[in-house]
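Read through the structure below, which is laid out as structure tokens, and then see the notes.
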Amino acid sequence: MCSGRPAPVNGGWRSVGAVRGREHKNRRQPVIEKRDWHVRYICQVCGYTYDPMQGDPSQNIPPGVPFEALPASWVCPVCGASRSLFEPESALEEGEERPAVSGRVVIVGNGVAGFTVARELARRSSGLEIHVLAEEPHHYYARPQLPRLLSGELEVKDLVFYDETWYERRGIRVHLSDPAVAIDRLGRGVSLRSGGTLGYDWLVLACGSRPAVPPIPGAGKDGVFTLRTIEDALEIRQRARNAEQVVILGGGLLGLEAARGFRKLGLAVTVVEIAPYLLPRQLDGAGGEILRQLLEQQGIRFVLGIPVAEFVGERSVKGVRLADARTLETELVLLSAGIQPEVELARASGLACERGILVDDHLRTEDPRIYACGDAAQHRGRIYGIIPPAIEQALVVSNNVLGREAMYAGSVPVATLKVAGIDLTSVGEVHAEGSDVEHVRASRPEEGRYRMIVLRNGRAIGAALLGLRQEVPRVLQLVAQQANLGPVRKQLEDPDFRLDEWG
């Protein structure tokens with residue numbers, strides 16, 4: 001995304017720096033001179049951009065500190081990724097030519113996928129007219145930071161990456177609060193909510209997703225919220241000022257980060273998770289139990305393995321009734337029960353859709369002039385719903401629009417985040433099963449440390465780490481390479497064994 005090199009045919013090497021099997025030493029890196037102190041660096045896990053002109057107030061980094069001068073302890077303020085997982089937002093590499101491509105590209109969606117397509121096309125071409133259709137009134141912002149906006153730790157200005165001038169200099173036209181409402185595939189045009197129409201030579205559907213709303217009686221009551229936009233966060237924050245208790249439905253990443261935000265606002269927080277342990281997509285039961293203990297020390301309460309029967313109250317929610325007949329009193333409910341890909345626009349235009357918009361290995365839909373990427377795209381039956389694959393897919397799409405014939409073979413799922421202030425990394429096939437699969441665990445629960453390495457025939461195919469930030473870059477690399485860990489199989493059971501110091 002940042003080095004300027006075209007993505008290779010697998011379309012995936014940029015996801016986490018060197019972890020896709022290519023060492024940093026084999027890649028050309030721009031020389032950062034003193035005059036380049038303003039170079040921005042981009043997190044390859046969550047898309048956060050470190051801008052030296054702004055610094056990082058959350059970690060007491062004042063404006064004017066270049067990336068190279070950041071302290072070794074500095075990590076991504078959004079996801080907790082280490083500095084080794086950042087790459088510079090550079091200009092074209094020496095010798096790279098701008099493709100002779102002209103025409104209009106219309107990008108539907110202003111999340112990480114749509115923004116990345118626009119940025120790459122603007123950076124690497126000179127003849128394209130680029131339009132981004134945004135439903136919200138804000139330029140691209142750090143959606144993972146919404147729980148911190150909810151808690152009041154950040155304000156809206158702290159979330160938005162770039163101002164209007166940045167887009168103008170790059171020739172990117174962003175239509176704020178003016179989303180697409182219809183696609184005319186025969187006439188190659190997109191109708192906007194404002195009443196206008198934009199013709200296109202290429203159309204990129206980066207529509208994203210919306211929060212899933214479970215079919216629970218009472219879900220439409222006043223006081224029941226979902227969290228997806230800046231406006232959602234501000235409305236919830238206002239409601240929380242007059243509340244004492246909140247129930248969060250869902251013990252996933254967003255739900256737990258929101259729980260931390262509500263605790264900072266002084267509310268009593270209960271998280272209800274239908275699975276028997278927390279973060280069922282990223283952890284196993286042992287890791288989920290250690291995480292629960294850590295979060296309970298922060299004052300968060302949990303109800304695990306029990307479904308919600310209904311939300312009670314007349315017009316406003318007053319409680320959450322569980323399937324075991326218990327009722328949790330509350331004035332506020334946050335639904336955090338997964339995502340629903342936005343496919344209505346594509347389906348109405350006649351494009352093939354299942355849960356997501358169906359795409360081939362070029363990320364093209366059945367219409368050769370229309371691509372899809374990010375949460376809305378379904379590739380080989382899979383929707384990832386996390387940021388790294390969205391970035392990878394956006395890079396493949398931008399290459400194909402530029403005529404570079406890139407292919408997408410899928411992504412290694414990576415979640416590297418701070419869950420309520422606790423470092424968590426989950427990568428690869430953490431739930432793999434089979435006679436040739438082994439889960440090797442080591443932990444010190446009293447210190448909040450847990451490591452699970454998943455081996456298939458002795459080779460690393462997945463991992464989950466809690467409280468082991470220093471091991472993250474090396475573990476990501478080992479899983480991406482499916483490294484043979486047979487020689488250290490026994491050491492993996494020792495919680496004091498350091499994978500970052502091995503090999």
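By order in the structure tokens, chains are A, B, ...; within a chain, residues start at 1; ligands start at 1, following the order shown.
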
If you run DSSP over the backbone, which residues in segment 225-473 of chain A end up strand (DSSP E)? Put them as a PyMOL selection string.
-> chain A and resi 225-226+245-249+268-273+300-304+308-312+319-322+327-329+333-335+339-341+357-359+370-372+377-379+414-419+422-428+437-444+449-456+459-466

Ser82 of chain A environment, 10 Å, only C-alpha atoms, sequence neighbours closer than 5 positions dropped, as a list in words =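 Answer for this query is Cys43, Val45, Ala72, Ser73, Trp74, Val75, Cys76, Pro77, Thr416, Arg469, Gln470, Glu471, Val472 and Pro473 of chain A.
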
With only C-alpha atoms as the basis for distance, which of A:Glu136, A:Glu310, A:Glu257, A:Glu501 is at the shortest distance from Ala180 of chain A?
->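 Once distances to Ala180 of chain A are computed over only C-alpha atoms, the minimum belongs to A:Glu136.
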
Rank nothing, just name the residue among A:Ser151, A:Thr229, A:Ser58, A:Ser209 nearest to Arg355 of chain A, using only C-alpha atoms.
->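 Going through A:Ser151, A:Thr229, A:Ser58, A:Ser209 one by one, the smallest distance to Arg355 of chain A is for A:Ser209.
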
Identify, on the basis of only C-alpha atoms, every residue whose closest approach to Ala352 of chain A does not exceed 12 Å; exclude the query and any residue fewer than 5 positions from it along the same chain; express the result as a PyMOL selection string.
-> chain A and resi 343-347+357-360+364-367+370+372+377-378

So that I have them on file, write out the residues from the current selection with C-alpha atoms, as a short mmCIF file (atom, residue, chain, number, x, y, z; two decimals), in the first residue's frame.
```cif
data_model
loop_
_atom_site.label_atom_id
_atom_site.label_comp_id
_atom_site.auth_asym_id
_atom_site.auth_seq_id
_atom_site.Cartn_x
_atom_site.Cartn_y
_atom_site.Cartn_z
CA VAL A 343 -25.59 -5.74 -0.78
CA GLU A 344 -28.96 -4.13 -1.53
CA LEU A 345 -27.56 -1.70 -4.11
CA ALA A 346 -25.73 -4.47 -5.96
CA ARG A 347 -28.65 -6.89 -5.78
CA ILE A 357 -21.49 -9.46 -3.49
CA LEU A 358 -19.99 -12.39 -5.40
CA VAL A 359 -16.54 -11.72 -6.88
CA ASP A 360 -13.90 -13.74 -8.73
CA ARG A 364 -14.64 -8.51 -10.30
CA THR A 365 -18.37 -9.06 -10.14
CA GLU A 366 -20.15 -10.74 -13.05
CA ASP A 367 -20.07 -7.30 -14.70
CA ILE A 370 -17.69 -3.46 -11.60
CA ALA A 372 -16.25 -5.17 -5.06
CA ALA A 377 -17.42 -8.63 -1.04
CA GLN A 378 -17.82 -12.42 -0.88
#
```

Two-atom distance - atom CA of Asp284 of chain A, atom CA of His431 of chain A (Å) |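 Taking atom CA of Asp284 of chain A as the start and atom CA of His431 of chain A as the end point, the length is 7.4 Å.
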
Near-segment 389-393 of chain A list (6 Å; only C-alpha atoms; drop same-chain fewer than 6 positions) as a list of chain:residue names =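 Residues meeting the cut-off are A:Gly12, A:Ala113, A:Cys373, A:Gly374, A:Ser411.
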